[in-house]
Every structure is written in structure tokens, then in C-alpha cells.
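Here is the structure we will look at.
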Amino acid sequence: MVACSVGLLTRLSLRVQRSQVQHPLRRLLSCPGTVAADLRREEQSSGSAETGSEDRTPKKRFSEVQNERREQAQRTVLIHCPDKINEKKFLKFLSQHGPINSHFFYESFGLYAAVEFCQKESVTSLQNITRTPSLGPEAAIPFKSRYLNLKLRNSLNQTSELSSIQCSNQSSPSSKKLYQLLCCAESVDDQLNTLLREFQLTEENTRLRYLTCSLIEDVAAAYFPDCAVRPFGSSVNSFGKLGCDLDMFLDLDEIGKFTAQKTSGNFLMEFQVKNVPSERVATQKILSVIGECLDQFGPGCVGVQRILNARCPLVRFSHQASGFQCDLTTNNRIALKSSELLYMYGALDSRVRALVFSVRCWARAHSLTSSIPGAWITNFSLTMMVIFFLQRRSPPILPTLDYLKTLAEDKCIIEGHNCTFVGDLNRIKPSRNTETLELLLKEFFEYFGNFAFNKNSINIRQGREQNKPESSPLHIQNPFETSLNVSKNVSQSQLQKFVDLARESAWILHQEGKDRPSPSSNQPWGLAALLLPSVANNMSLSKKKKKPASERIKNLLDSIKSSGAENSTATNGRRAISTQA
Ligand code: GTP
Ligand code: MG
């Protein structure tokens, strides 16, 4: 590796492809407490389909992971590079400011490098030799960020030394590749684990998410020193797919905490502040100003929309350099707690993430979910359904939230809601359930294909159905704000579509169990058969582009066409798809 050849310059290079990434990272595993050690645990837990919670390695708390990642991001710079660059010289140049801990390159409308220094001071040192560009007739608004631009001096002299860089992949596999991988798998369990491995956020993608938050924090800190911008949602709850949005939350609590700690003696000192009529108005004002600031001065922030009248006001924008679609909120501590809860559930048993990923991909493939808000079911709701289902197994695979509350070390009340649950994963006993992923997937579809949605509510706090308190077609109790329904938006027709597809998928898996094509036959089977619509869409897209189609793809298209014809005459909501086509 180049990083090694420049001696101590770089302790670790993350520039290689995902499949190769595991190897160099393992070298760090002797350092317990590093982010890489977390990664190994993640690899271990996602790599095998063995049942039960077999991994006995001590697991980190959510807050520990968040703090380590945040600190790592603060030591990192993002550099837009020329398309070709001499990597060795690039690293040598940067290491004048201090040793580099890791780096990787990626492409997003140009070549970028994320470079993590060992010390924060190195970033300041680098910033001190960085200039504001002179743009000719245009004017630049000076802003000293950690998002930099690298230019080549005397580029003509350097041409012979420049080389293409190996980039880390930031996107999920194409439908065609996924289809091939799934068809080559050895079992349905293997398929579910393959899907997880291919779609889960990579180490580099996770770093980029924390780095993007850190860069936005620099902008927000101009108004609110001591603020923090924290990622939440699927970027951190372990259920994020490559390409998912980046939910971030502007945390101003540190500012309040500071004053509380400093009070002593008979006097109490308070800051003079502006008063506004409500918490909501305060949130709107803060986001309005930060949105304006990102729009006017935020390097790399484009398409900024201030959506301040939503139930949860937010600023939406694209971060061009990372390629992430970002949603910035504030005063959203309960959502961060929900992310922690899902992270806990995801870490408790190796089957949870594999099952959630497959259900999410299945729902996306059948257009049950969408990136546009509407009457569809959300990924968050689907995850709650999987958790609930796993709580209902015998013996249960996941504990109820009420049980996690009994193990808690401290009480946690947020905005009057009891959000108490155990933070130390090692206090939770592993499940004795040994069911396979194949069985669980089939039973998931059967369970929800026959669930009494008209009268029952899904409740992960108690892990059992309850009478619906209101008339929404789908009722999933919010785990912390218990009077709220997280799926209130879902219409009856969308729920019916979910139920129909769940029944059909259970049926497909059931049929398959009896008569499965051999993995070498290249016929869609198991999970591949369930995800067919996305393969079909993609194939027809590539056909429009007039790319030569292989014989096998033609066969697949024929099979989809014929199943489509059968579909139109199908009864009982079941698509008579032939896995033997
Ligand atoms: P993606 O679809 O991959 O983005 O999943 P996500 O979990 O990030 O979902 P989303 O971006 O829609 O929401 C981000 C986070 O906000 C979720 O993980 C939850 O913590 C929270 N959240 C989303 N929807 C609801 C809801 O209806 N009620 C509550 N209380 N929280 C929600
Ligand atoms: Mg999200």
C-alpha cells in the first residue's frame, strides 16, 4: 500500500474497494476501542447466518460510537482533487502538518479525498497555509472550512507522475449484479446475508456521513459556538442502506449544560436571551437562520429548502461533495433516542439486520416505500414491524422495550416522555432462539399477511398486539411518545398492497422450499424471486439504452413478461410467478 511505503505518514489507508477493505482494517483490531474494532464486530455479526446471538465480544454503547466518530470527523479534512494525482506525493505534502491516521478517495462529480489526521492541530496548520481563491471577475465570500480544493502547481511538469486513484465505492450494487450474487448464493440464509453485505453502509461511507455533519457543524458554530450537529436515523442506527439520506440534528443542549455546571454560591448568573412564544417558534427561527447561512455561505451546500411549517421543521439540502441528501432538524432529541434503540436491537442478534435489510429492499422493489413523502409505509415503520415480529417468536429473538427499561442504569426523560432503556448492550442475555433466516423471512410475510390490522396495534414496548386506539389503517405505537402512531400517514390501499404482497411472498418462499432450482441454473429463486420487480425495471432501462443483453437476461425478461401476463389473471392477490421460467 502507498500508505505503508510513505513510512509513518499514513497508518491506515482506506482507499481500496469495499471487498478489499476488510483486510487492512483487520490490522487495527489489536487496538480495542477503535472505530475499526467496531467495524470488525459489525463484520462478524453481519457475515454469518448462524442463529442465536453468538458474538460475545463486548459491544460499544451507541453514545461511545457517536463520540468517537465525531471526534474522528473533527480531525478530518475533505479535499477536492484533480482527476489524476500522485497519491504518495499528496500524502507527503499533507503530512507536513502532522501524521495522517487514514485516508480514502471517492468519486462524486470529481475526485475527493477524506484525510484523517492523528491530531486536530494538523487541520489548523493545514488551514493556515490554505488561501481563499481569486476568481477573476467573480468575488469569493471568505470562509475557512475543512472542505478544501487541491490545485496542481506546474501541472505540466507533473503530468508523468500522475496516476489514476483507486476509489472507494459509495453506491449499492446494480440490480443486475445483485441478482447474480443472489442466484449464486448457497441458501436463502446466504442470500439475506449477501444482501446485507452489499447494501450496508461501508466504513468509508459512515466516515463521510460523520464528516459531513462535522462540516455543517462548523457553519452552525458561527452562530452557536458549542453546538453539535449529530447524525441520526438510518445513518447511525445500523439499518442504513448505501444511498440513504443523512438525517442530522443541531444539538444546542451543550450550551445550556455549560451554564448549569458553572453555578455555585449564592448567586446565579444567566445569559440575556431573546424570548419567543413557543419551543416551535424557537426551532423555526434557528433553522431559518442556519438554512439561510448554509444557502449563502455553506461550501458544497446546494438546493437549500427551509421546510419550517412541517410537523418537524427542517432544512433540506444536498451536500454536493459527499453526494448526500441532508435533512437538518433541531430540538429532535427523541429521534436520536429512537436511533439508539434501533441500534441496540440491530446489535443484539445477527439475524436482525439481515432481516430488516431484506424487508426494506423487498418493500422498495415493490414500490411499497418511496423517497417522496406520501401515504406509503416508511422504512422506520417497517423496521418496527420486524422488531415486533422478532419479539413475538418463541422463544423471542428480541426483548421488549419494557424489559430493556428494567435493565437501565439511569432514567431518561425527554420532553416529559419516558425514554429509559439500558445503554449497555452487554447486560442483555442472548436469545435461545435458533430459527434460520429463511424461516424467519417466510414467517414474517405470513405473520403480517394475516395480521388483524383492522383491530390491532403494533407495540414494541410491550411486544404484543394491543387494541387500536384510533382508526388509522395501520397503527404502530411510537415507542417513546406513546400516544403517537408512527404510521399515521399510511392509507388503506397502501396497507392492502403490503398485505397482498406479503401473502404472495410467503407463498413464493413456501413453494420454493418444495421445489428449488439449483443455484447453478441461473433461475431467480429465494430472495431473488421476491425482489424481481426491481430487476425487471432495471433490465428494461438498460434495454432502452440499447446495451447488448445476454442470453440469460433475455430469458429473465421473458420470464418477467410471462409472469406479468399471469399476474393480470391472478386471483386472491397472488401473483402466479414461475421461478422456473
Ligand atoms: P431511511 O428511509 O433509510 O432514511 O430511514 P430512516 O430511519 O433514516 O428514516 P427517516 O429518514 O424517515 O427518519 C429519520 C429518523 O426519524 C428515524 O430513524 C426515526 O428515528 C425518526 N422518525 C422517522 N419517522 C418517524 C415518525 O413517524 N415518528 C417518530 N417519532 N420518529 C420518526
Ligand atoms: Mg433517513
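Please note that chains go A, B, ... in the order of the C-alpha cells, that every chain numbers its residues from 1, and that ligands are numbered from 1 in the order shown.
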Per-residue nearest contacts of chain A to ligand 1 (9 Å; only C-alpha atoms and all ligand atoms) as a tab-separated table:
residue	atom	partner	partner_atom_place_in_ligand_line	distance
A:Phe232	CA	ligand 1	15 (C)	6.4
A:Gly233	CA	ligand 1	18 (O)	3.3
A:Ser234	CA	ligand 1	8 (O)	3.8
A:Ser235	CA	ligand 1	8 (O)	6.5
A:Val236	CA	ligand 1	8 (O)	8.4
A:Asn237	CA	ligand 1	18 (O)	7.1
A:Phe239	CA	ligand 1	3 (O)	7.2
A:Gly240	CA	ligand 1	3 (O)	5.2
A:Lys241	CA	ligand 1	3 (O)	6.4
A:Leu242	CA	ligand 1	3 (O)	8.9
A:Gly243	CA	ligand 1	3 (O)	8.3
A:Cys244	CA	ligand 1	3 (O)	4.8
A:Asp245	CA	ligand 1	4 (O)	5.1
A:Leu246	CA	ligand 1	4 (O)	7.1
A:Asp247	CA	ligand 1	14 (C)	5.9
A:Met248	CA	ligand 1	14 (C)	8.7
A:Asp327	CA	ligand 1	11 (O)	8.0
A:Asn332	CA	ligand 1	16 (O)	8.7
A:Ile334	CA	ligand 1	30 (N)	7.1
A:Ala335	CA	ligand 1	20 (O)	4.1
A:Leu336	CA	ligand 1	20 (O)	6.1
A:Lys337	CA	ligand 1	20 (O)	7.3
A:Ser338	CA	ligand 1	20 (O)	4.6
A:Ser339	CA	ligand 1	20 (O)	4.9
A:Glu340	CA	ligand 1	20 (O)	8.4
A:Leu341	CA	ligand 1	20 (O)	8.8
A:Leu342	CA	ligand 1	18 (O)	8.0
A:Arg360	CA	ligand 1	2 (O)	8.7
A:Thr369	CA	ligand 1	2 (O)	8.4
A:Ser370	CA	ligand 1	2 (O)	8.4
A:Ser371	CA	ligand 1	2 (O)	7.3
A:Pro373	CA	ligand 1	12 (O)	8.9
A:Thr378	CA	ligand 1	2 (O)	6.4
A:Asn379	CA	ligand 1	2 (O)	4.7
A:Phe380	CA	ligand 1	7 (O)	4.6
A:Ser381	CA	ligand 1	24 (N)	7.5
A:Thr383	CA	ligand 1	7 (O)	8.1
A:Asn478	CA	ligand 1	30 (N)	5.7
A:Pro479	CA	ligand 1	30 (N)	7.7
A:Phe480	CA	ligand 1	30 (N)	7.5
A:Glu481	CA	ligand 1	30 (N)	6.9
A:Leu484	CA	ligand 1	30 (N)	7.5
A:Asn485	CA	ligand 1	27 (O)	7.0
A:Val486	CA	ligand 1	27 (O)	3.8
A:Ser487	CA	ligand 1	27 (O)	6.0
A:Lys488	CA	ligand 1	27 (O)	7.6
A:Asn489	CA	ligand 1	27 (O)	8.4
Please dump the current selection as a compact mmCIF listing (two decimals), in the first residue's frame; keep N, CA and C atoms.
# COMPACT_ATOMS: atom_id res chain seq x y z
N PHE A 232 -28.48 11.13 12.85
CA PHE A 232 -29.40 10.16 13.46
C PHE A 232 -30.09 9.40 12.33
N GLY A 233 -31.09 8.60 12.67
CA GLY A 233 -31.79 7.83 11.63
C GLY A 233 -30.89 6.72 11.08
N SER A 234 -31.16 6.34 9.83
CA SER A 234 -30.51 5.13 9.32
C SER A 234 -29.01 5.29 9.09
N SER A 235 -28.49 6.53 9.13
CA SER A 235 -27.03 6.68 9.01
C SER A 235 -26.32 6.08 10.21
N VAL A 236 -27.01 6.00 11.35
CA VAL A 236 -26.33 5.54 12.57
C VAL A 236 -27.04 4.39 13.28
N ASN A 237 -28.27 4.06 12.86
CA ASN A 237 -28.99 3.03 13.62
C ASN A 237 -28.68 1.60 13.15
N PHE A 239 -29.20 0.33 10.24
CA PHE A 239 -30.10 -0.17 9.21
C PHE A 239 -30.00 0.64 7.91
N GLY A 240 -28.98 1.51 7.82
CA GLY A 240 -28.86 2.37 6.63
C GLY A 240 -28.34 1.62 5.42
N LYS A 241 -28.97 1.90 4.28
CA LYS A 241 -28.52 1.32 3.01
C LYS A 241 -27.67 2.37 2.31
N LEU A 242 -26.66 1.94 1.54
CA LEU A 242 -25.87 2.90 0.76
C LEU A 242 -26.83 3.75 -0.05
N GLY A 243 -26.65 5.07 0.02
CA GLY A 243 -27.53 5.96 -0.73
C GLY A 243 -28.66 6.52 0.10
N CYS A 244 -28.80 6.08 1.36
CA CYS A 244 -29.90 6.62 2.18
C CYS A 244 -29.60 8.08 2.56
N ASP A 245 -30.64 8.81 2.94
CA ASP A 245 -30.44 10.22 3.26
C ASP A 245 -29.63 10.37 4.54
N LEU A 246 -29.19 11.59 4.79
CA LEU A 246 -28.41 11.85 6.01
C LEU A 246 -29.26 12.77 6.90
N ASP A 247 -29.81 12.17 7.97
CA ASP A 247 -30.61 12.95 8.92
C ASP A 247 -29.65 13.50 9.96
N MET A 248 -29.71 14.80 10.18
CA MET A 248 -28.80 15.38 11.18
C MET A 248 -29.58 16.32 12.09
N ASP A 327 -31.15 16.21 5.72
CA ASP A 327 -32.28 16.82 6.43
C ASP A 327 -31.77 17.26 7.79
N ASN A 332 -34.66 17.71 18.43
CA ASN A 332 -35.20 16.42 17.96
C ASN A 332 -34.55 15.27 18.71
N ILE A 334 -35.67 13.10 20.78
CA ILE A 334 -36.35 11.80 20.85
C ILE A 334 -35.99 10.95 19.63
N ALA A 335 -35.84 11.61 18.47
CA ALA A 335 -35.47 10.85 17.27
C ALA A 335 -34.07 10.25 17.44
N LEU A 336 -33.19 10.98 18.12
CA LEU A 336 -31.85 10.45 18.37
C LEU A 336 -31.95 9.23 19.29
N LYS A 337 -32.86 9.31 20.26
CA LYS A 337 -33.07 8.19 21.18
C LYS A 337 -33.65 6.98 20.43
N SER A 338 -34.56 7.25 19.48
CA SER A 338 -35.10 6.15 18.66
C SER A 338 -33.98 5.49 17.88
N SER A 339 -33.03 6.31 17.39
CA SER A 339 -31.91 5.74 16.62
C SER A 339 -31.08 4.84 17.54
N GLU A 340 -30.91 5.27 18.76
CA GLU A 340 -30.13 4.46 19.72
C GLU A 340 -30.85 3.14 19.98
N LEU A 341 -32.17 3.21 20.11
CA LEU A 341 -32.94 1.99 20.38
C LEU A 341 -32.80 1.01 19.21
N LEU A 342 -32.94 1.53 17.99
CA LEU A 342 -32.82 0.64 16.84
C LEU A 342 -31.39 0.08 16.73
N ARG A 360 -36.71 -4.24 3.88
CA ARG A 360 -36.64 -2.90 3.29
C ARG A 360 -36.44 -2.97 1.78
N THR A 369 -42.40 1.44 -0.52
CA THR A 369 -41.80 2.63 0.08
C THR A 369 -41.35 3.55 -1.04
N SER A 370 -41.13 4.81 -0.70
CA SER A 370 -40.71 5.77 -1.71
C SER A 370 -39.89 6.86 -1.02
N SER A 371 -39.04 7.51 -1.81
CA SER A 371 -38.27 8.61 -1.20
C SER A 371 -39.13 9.87 -1.11
N PRO A 373 -42.41 11.80 0.27
CA PRO A 373 -43.38 11.59 1.35
C PRO A 373 -44.78 11.38 0.78
N THR A 378 -43.16 3.71 5.76
CA THR A 378 -41.77 4.17 5.77
C THR A 378 -40.83 3.06 6.22
N ASN A 379 -39.56 3.26 5.95
CA ASN A 379 -38.55 2.29 6.40
C ASN A 379 -38.55 2.18 7.91
N PHE A 380 -38.79 3.30 8.58
CA PHE A 380 -38.81 3.30 10.05
C PHE A 380 -39.94 2.38 10.53
N SER A 381 -41.11 2.50 9.92
CA SER A 381 -42.24 1.65 10.31
C SER A 381 -41.95 0.18 10.02
N THR A 383 -39.10 -1.27 9.98
CA THR A 383 -38.13 -1.76 10.97
C THR A 383 -38.84 -2.10 12.28
N ASN A 478 -45.63 4.75 18.60
CA ASN A 478 -44.33 5.38 18.78
C ASN A 478 -43.75 4.89 20.11
N PRO A 479 -42.54 4.33 20.11
CA PRO A 479 -42.04 3.71 21.35
C PRO A 479 -41.89 4.67 22.53
N PHE A 480 -41.65 5.95 22.24
CA PHE A 480 -41.43 6.90 23.33
C PHE A 480 -42.60 7.87 23.51
N GLU A 481 -43.08 8.42 22.41
CA GLU A 481 -44.26 9.29 22.51
C GLU A 481 -45.47 8.37 22.27
N LEU A 484 -48.62 8.59 20.06
CA LEU A 484 -48.50 8.83 18.62
C LEU A 484 -48.36 7.53 17.83
N ASN A 485 -48.81 7.61 16.58
CA ASN A 485 -48.75 6.48 15.66
C ASN A 485 -47.71 6.80 14.59
N VAL A 486 -46.64 6.02 14.49
CA VAL A 486 -45.58 6.35 13.53
C VAL A 486 -46.00 6.09 12.08
N SER A 487 -47.11 5.39 11.91
CA SER A 487 -47.55 5.09 10.53
C SER A 487 -48.92 5.69 10.25
N LYS A 488 -49.17 6.83 10.83
CA LYS A 488 -50.47 7.51 10.67
C LYS A 488 -50.73 7.89 9.21
N ASN A 489 -49.64 8.09 8.46
CA ASN A 489 -49.77 8.51 7.07
C ASN A 489 -50.22 7.40 6.12
Test item: residues at most 10 Å from stretch 497-502 of chain A, only C-alpha atoms, excluding those fewer than 5 positions along its chain, as a PyMOL selection string: chain A and resi 359+362-363+366-369+376-377+442-451+453+491-492+507-508+530+572-575
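When only C-alpha atoms and all ligand atoms are used to compute distances to ligand 2, the closest of the residues A:Gln72, A:Gln127, A:Thr283, A:Thr329 turns out to be A:Thr329.
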Please provide the set of residues having any atom within 9 Å of A:Ile428, restricted to only C-alpha atoms, with same-chain residues fewer than 5 positions apart removed, written as a PDB file with N, CA, C and O atoms, in the first residue's frame.
ATOM      1  N   LEU A 348     -28.180  -6.701  18.853  1.00  0.00           N
ATOM      2  CA  LEU A 348     -28.450  -7.788  19.800  1.00  0.00           C
ATOM      3  C   LEU A 348     -28.367  -9.183  19.192  1.00  0.00           C
ATOM      4  O   LEU A 348     -28.029 -10.140  19.874  1.00  0.00           O
ATOM      5  N   PRO A 399     -35.873  -8.683  22.971  1.00  0.00           N
ATOM      6  CA  PRO A 399     -36.649  -8.354  24.171  1.00  0.00           C
ATOM      7  C   PRO A 399     -37.567  -7.153  23.933  1.00  0.00           C
ATOM      8  O   PRO A 399     -37.352  -6.380  22.997  1.00  0.00           O
ATOM      9  N   LEU A 404     -36.132  -3.866  28.435  1.00  0.00           N
ATOM     10  CA  LEU A 404     -34.884  -3.091  28.361  1.00  0.00           C
ATOM     11  C   LEU A 404     -34.892  -1.953  29.388  1.00  0.00           C
ATOM     12  O   LEU A 404     -33.855  -1.545  29.890  1.00  0.00           O
ATOM     13  N   LEU A 407     -33.628  -2.989  32.809  1.00  0.00           N
ATOM     14  CA  LEU A 407     -32.173  -3.182  32.933  1.00  0.00           C
ATOM     15  C   LEU A 407     -31.411  -1.856  32.956  1.00  0.00           C
ATOM     16  O   LEU A 407     -30.194  -1.836  33.083  1.00  0.00           O
ATOM     17  N   VAL A 422     -31.853   0.349  28.723  1.00  0.00           N
ATOM     18  CA  VAL A 422     -30.452   0.056  29.026  1.00  0.00           C
ATOM     19  C   VAL A 422     -29.545   0.502  27.872  1.00  0.00           C
ATOM     20  O   VAL A 422     -29.897   0.366  26.701  1.00  0.00           O
TER      21      VAL A 422
END
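Here the DSSP assignment of strand (DSSP E), based on backbone atoms, applies within stretch 261-325 of chain A to Cys301, Val302, Gly303, Val304, Gln305, Arg306, Ile307, Leu314, Val315, Arg316, Phe317, Ser318, His319, Phe324 and Gln325 of chain A.
Compared by their closest atoms to ligand 2, and using only C-alpha atoms and all ligand atoms, the residues A:Pro231, A:Pro82, A:Pro99, A:Gly136 rank with A:Pro231 nearest.
When only C-alpha atoms and all ligand atoms are used to compute distances to ligand 2, the closest of the residues A:Ser238, A:Arg432, A:Leu250, A:Ile85 turns out to be A:Ser238.
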